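Read through the structure below, which is laid out as structure tokens, and then see the notes.
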Amino acid sequence: MGGAVRSVVISDTVYVGGGYGNISLDDNCDECTVMKLKQDQWTKLPEYTAKWFSMTSLTNRLVLVGGQDPGTSEETNQLAVFQAGKWTRPYPPMNIARFSSTAVSFNNHIIVAGGGIKGQFSSSVEVLDVASRRWYIAQSLPSPRSVLKSTLIGNTLYLMGGLDHTGETKSVLHVNLDELIANALSGATKSDNLNLKELVAIALSNRDPPILWQTLQEVPLVFSAPLSIGRSLLAVGGRDDRRNPSSSIYLYQPDTRRWVKVGDLPTARYGCTCSVLPSGEVIVAGGQTELYSDRIQIVDFFSISD
């Protein structure tokens, strides 16, 4: 599974996929693989057509977003849903093809942020309104970023880590999704069916739009995995300034605006993925130690939740 792996829990099933650094011994693309864990048994889904995709869920179905063709290295703007034992494309493609972005679902919308486009990092954010089957351009990230990961607490989306123009970043962003979606949809509605003069007038009147993306105190380690338990935001694992993998688990304290260490993983790793299971335990998968890892661990995080 390697670094930058993704995971989603849907009901009693865990899906883990993507990542990088896998070495295939046949003609298959291991980086295109999605594994399913149900009733303590792993099975492999049909191979997907792209690598470095994002992963989310909508209406209890697994959704893969974007990615890169393993043969041509061309980015894709497609979304794929796993249903009836195969990959289908019931949703329209994104405006922008991208890979190594992050994707979340919220109130019948899919939000996609950042990623890689033609060898460059992107700050682009798009919102799919499922009801209208239309993509809207949302307010961009403060700076381009790729290989980032995300988690939701209520209606707040948190983006953590990844790569930006400085290299490996510890930056943490957050945004109110109700505001982000409303801003994206209202902006598009205003511009529909208007002539050029009217569009210019709207642009001039919105020179200083509200800044929706905000920053938190930087996370202590690079390539930590974000995780939400209750109303708590955690950063799991990571890599220190000496490039050593870490087992540290940090909790963000809003009152002091500080990250505080609250525990350790059984194994030091960075670039892993974390998802909360129905039992309340957390599955930690993939990432890197000294080498790429396919190790799965189940961790009891109850002691550090609200």
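Going by the structure tokens order, chains are called A, B, ..., each with residues numbered from 1, while ligands are numbered from 1 in the order shown.
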
Residues within 12 Å of Cys272 in chain A, only C-alpha atoms, excluding chain neighbours under 4 positions, as a ChimeraX atom specification: /A:1-7,16-20,147-149,161-162,222-227,235-239,245-247,265,267-268,283-289,292-297

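Shell of Ala113 in chain A at 9 Å, with only C-alpha atoms counted and residues fewer than 3 places along the chain excluded, is Ser101, Thr102, Ala103, Ser122, Ser123, Ser124, Val125, Glu126, Val127, Ser140, Leu141, Arg145, Ser146, Leu148 and Leu159 of chain A.
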
For Pro142 in chain A, list every protein, DNA or RNA residue within 10 Å, evaluated using only C-alpha atoms, and leave out those in the same chain fewer than 6 positions away; present the list as a PDB file with all heavy atoms, in the first residue's frame.
```pdb
ATOM      1  N   SER A 123      -4.108  24.556  -6.380  1.00  0.00           N
ATOM      2  CA  SER A 123      -4.904  25.084  -5.272  1.00  0.00           C
ATOM      3  C   SER A 123      -6.398  24.995  -5.567  1.00  0.00           C
ATOM      4  O   SER A 123      -7.223  25.449  -4.773  1.00  0.00           O
ATOM      5  CB  SER A 123      -4.523  26.544  -4.997  1.00  0.00           C
ATOM      6  OG  SER A 123      -4.762  27.342  -6.152  1.00  0.00           O
ATOM      7  N   SER A 124      -6.748  24.399  -6.685  1.00  0.00           N
ATOM      8  CA  SER A 124      -8.134  24.352  -7.137  1.00  0.00           C
ATOM      9  C   SER A 124      -9.023  23.534  -6.199  1.00  0.00           C
ATOM     10  O   SER A 124      -8.624  22.482  -5.700  1.00  0.00           O
ATOM     11  CB  SER A 124      -8.193  23.756  -8.546  1.00  0.00           C
ATOM     12  OG  SER A 124      -9.506  23.391  -8.901  1.00  0.00           O
ATOM     13  N   LEU A 173      -5.189  23.378   7.293  1.00  0.00           N
ATOM     14  CA  LEU A 173      -6.225  24.317   6.886  1.00  0.00           C
ATOM     15  C   LEU A 173      -7.580  23.800   7.330  1.00  0.00           C
ATOM     16  O   LEU A 173      -7.779  22.593   7.488  1.00  0.00           O
ATOM     17  CB  LEU A 173      -6.238  24.485   5.366  1.00  0.00           C
ATOM     18  CG  LEU A 173      -4.974  25.013   4.705  1.00  0.00           C
ATOM     19  CD1 LEU A 173      -5.118  24.937   3.191  1.00  0.00           C
ATOM     20  CD2 LEU A 173      -4.683  26.434   5.143  1.00  0.00           C
ATOM     21  N   ILE A 211     -12.636  35.524   3.016  1.00  0.00           N
ATOM     22  CA  ILE A 211     -11.639  34.455   3.042  1.00  0.00           C
ATOM     23  C   ILE A 211     -12.208  33.309   3.870  1.00  0.00           C
ATOM     24  O   ILE A 211     -12.396  33.429   5.081  1.00  0.00           O
ATOM     25  CB  ILE A 211     -10.311  34.952   3.636  1.00  0.00           C
ATOM     26  CG1 ILE A 211      -9.746  36.088   2.771  1.00  0.00           C
ATOM     27  CG2 ILE A 211      -9.306  33.808   3.739  1.00  0.00           C
ATOM     28  CD1 ILE A 211      -8.508  36.727   3.333  1.00  0.00           C
ATOM     29  N   LEU A 212     -12.495  32.206   3.202  1.00  0.00           N
ATOM     30  CA  LEU A 212     -13.148  31.082   3.867  1.00  0.00           C
ATOM     31  C   LEU A 212     -12.140  30.108   4.486  1.00  0.00           C
ATOM     32  O   LEU A 212     -12.410  29.520   5.528  1.00  0.00           O
ATOM     33  CB  LEU A 212     -14.039  30.336   2.869  1.00  0.00           C
ATOM     34  CG  LEU A 212     -15.135  31.183   2.196  1.00  0.00           C
ATOM     35  CD1 LEU A 212     -15.941  30.328   1.226  1.00  0.00           C
ATOM     36  CD2 LEU A 212     -16.058  31.805   3.244  1.00  0.00           C
ATOM     37  N   TRP A 213     -10.986  29.934   3.835  1.00  0.00           N
ATOM     38  CA  TRP A 213      -9.987  28.993   4.354  1.00  0.00           C
ATOM     39  C   TRP A 213      -9.188  29.644   5.465  1.00  0.00           C
ATOM     40  O   TRP A 213      -8.691  30.759   5.317  1.00  0.00           O
ATOM     41  CB  TRP A 213      -9.047  28.551   3.242  1.00  0.00           C
ATOM     42  CG  TRP A 213      -9.697  27.678   2.219  1.00  0.00           C
ATOM     43  CD1 TRP A 213     -10.213  28.071   1.011  1.00  0.00           C
ATOM     44  CD2 TRP A 213      -9.928  26.275   2.312  1.00  0.00           C
ATOM     45  NE1 TRP A 213     -10.741  26.998   0.351  1.00  0.00           N
ATOM     46  CE2 TRP A 213     -10.587  25.871   1.119  1.00  0.00           C
ATOM     47  CE3 TRP A 213      -9.638  25.309   3.274  1.00  0.00           C
ATOM     48  CZ2 TRP A 213     -10.951  24.553   0.871  1.00  0.00           C
ATOM     49  CZ3 TRP A 213     -10.005  23.995   3.030  1.00  0.00           C
ATOM     50  CH2 TRP A 213     -10.654  23.631   1.848  1.00  0.00           C
ATOM     51  N   GLN A 214      -9.070  28.948   6.593  1.00  0.00           N
ATOM     52  CA  GLN A 214      -8.319  29.443   7.743  1.00  0.00           C
ATOM     53  C   GLN A 214      -7.235  28.433   8.106  1.00  0.00           C
ATOM     54  O   GLN A 214      -7.269  27.276   7.690  1.00  0.00           O
ATOM     55  CB  GLN A 214      -9.253  29.659   8.945  1.00  0.00           C
ATOM     56  CG  GLN A 214     -10.415  30.601   8.678  1.00  0.00           C
ATOM     57  CD  GLN A 214      -9.978  32.031   8.415  1.00  0.00           C
ATOM     58  OE1 GLN A 214      -9.005  32.498   9.023  1.00  0.00           O
ATOM     59  NE2 GLN A 214     -10.667  32.729   7.521  1.00  0.00           N
ATOM     60  N   THR A 215      -6.247  28.881   8.891  1.00  0.00           N
ATOM     61  CA  THR A 215      -5.145  28.003   9.271  1.00  0.00           C
ATOM     62  C   THR A 215      -5.164  27.725  10.769  1.00  0.00           C
ATOM     63  O   THR A 215      -5.574  28.565  11.571  1.00  0.00           O
ATOM     64  CB  THR A 215      -3.788  28.625   8.902  1.00  0.00           C
ATOM     65  OG1 THR A 215      -3.644  29.877   9.592  1.00  0.00           O
ATOM     66  CG2 THR A 215      -3.691  28.859   7.412  1.00  0.00           C
TER      67      THR A 215
END
```

Residue list (strand (DSSP E or B), DSSP) for range 23-117 of chain A, as a PyMOL selection string: chain A and resi 34-38+41-44+51+54-58+61-65+68+75+79-83+86-88+99+102-106+109-113+116-117

Residue with smallest distance to Gly115 in chain A - pool A:Asp164, A:Asp255, A:Glu74, A:Asp69, counting only C-alpha atoms: A:Asp164

Given only C-alpha atoms as the counted atoms, nearest of A:Gln68, A:Thr13, A:Gly167, A:Ser57 to Cys32 in chain A: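 Using only C-alpha atoms, the shortest distance to Cys32 in chain A belongs to A:Gln68.
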
Pick from A:Leu251, A:Leu221, A:Leu234, A:Leu157 nearest to Gly271 in chain A, counting only C-alpha atoms: A:Leu221

Contacts of range 89-96 of chain A within 8 Å, only C-alpha atoms, excl. fewer than 2 positions in-chain, as a VMD selection string: chain A and resid 77 to 81 87 98 126 128 130 133 to 135

Limited to N, CA and C atoms, could you put the picked residues into a file as an mmCIF file, in the first residue's frame?
```
data_model
loop_
_atom_site.group_PDB
_atom_site.id
_atom_site.type_symbol
_atom_site.label_atom_id
_atom_site.label_comp_id
_atom_site.auth_asym_id
_atom_site.auth_seq_id
_atom_site.Cartn_x
_atom_site.Cartn_y
_atom_site.Cartn_z
ATOM 1 N N ASN A 77 -10.178 13.281 -14.941
ATOM 2 C CA ASN A 77 -11.183 14.047 -14.201
ATOM 3 C C ASN A 77 -12.408 13.189 -13.867
ATOM 4 N N GLN A 78 -12.276 11.878 -14.015
ATOM 5 C CA GLN A 78 -13.399 10.978 -13.837
ATOM 6 C C GLN A 78 -13.615 10.597 -12.372
ATOM 7 N N LEU A 79 -14.865 10.269 -12.045
ATOM 8 C CA LEU A 79 -15.227 9.670 -10.776
ATOM 9 C C LEU A 79 -15.742 8.263 -11.055
ATOM 10 N N ALA A 80 -15.403 7.326 -10.174
ATOM 11 C CA ALA A 80 -15.860 5.954 -10.340
ATOM 12 C C ALA A 80 -16.515 5.482 -9.052
ATOM 13 N N VAL A 81 -17.610 4.762 -9.204
ATOM 14 C CA VAL A 81 -18.345 4.207 -8.066
ATOM 15 C C VAL A 81 -18.318 2.693 -8.176
ATOM 16 N N TRP A 87 -16.726 -1.225 -11.470
ATOM 17 C CA TRP A 87 -16.580 0.232 -11.435
ATOM 18 C C TRP A 87 -17.524 0.863 -12.458
ATOM 19 N N ARG A 98 -7.039 15.743 -12.187
ATOM 20 C CA ARG A 98 -6.030 15.878 -11.136
ATOM 21 C C ARG A 98 -5.767 14.532 -10.470
ATOM 22 N N GLU A 126 -13.152 22.123 -6.121
ATOM 23 C CA GLU A 126 -14.409 21.968 -6.853
ATOM 24 C C GLU A 126 -15.453 21.301 -5.978
ATOM 25 N N LEU A 128 -19.115 19.135 -6.330
ATOM 26 C CA LEU A 128 -20.162 18.483 -7.116
ATOM 27 C C LEU A 128 -21.466 18.555 -6.349
ATOM 28 N N VAL A 130 -24.696 16.972 -6.245
ATOM 29 C CA VAL A 130 -25.215 15.721 -6.795
ATOM 30 C C VAL A 130 -26.624 15.897 -7.346
ATOM 31 N N ARG A 133 -26.261 17.524 -10.599
ATOM 32 C CA ARG A 133 -25.246 16.858 -11.410
ATOM 33 C C ARG A 133 -24.326 17.886 -12.078
ATOM 34 N N ARG A 134 -23.896 18.856 -11.283
ATOM 35 C CA ARG A 134 -23.062 19.927 -11.824
ATOM 36 C C ARG A 134 -21.904 20.214 -10.879
ATOM 37 N N TRP A 135 -20.719 20.460 -11.467
ATOM 38 C CA TRP A 135 -19.541 20.856 -10.707
ATOM 39 C C TRP A 135 -19.454 22.379 -10.638
#
```

Near-Thr56 in chain A list (7 Å; only C-alpha atoms; drop same-chain fewer than 6 positions) as JSON, numbers by chain: {"A": [8, 62, 63, 64, 103, 104, 105]}
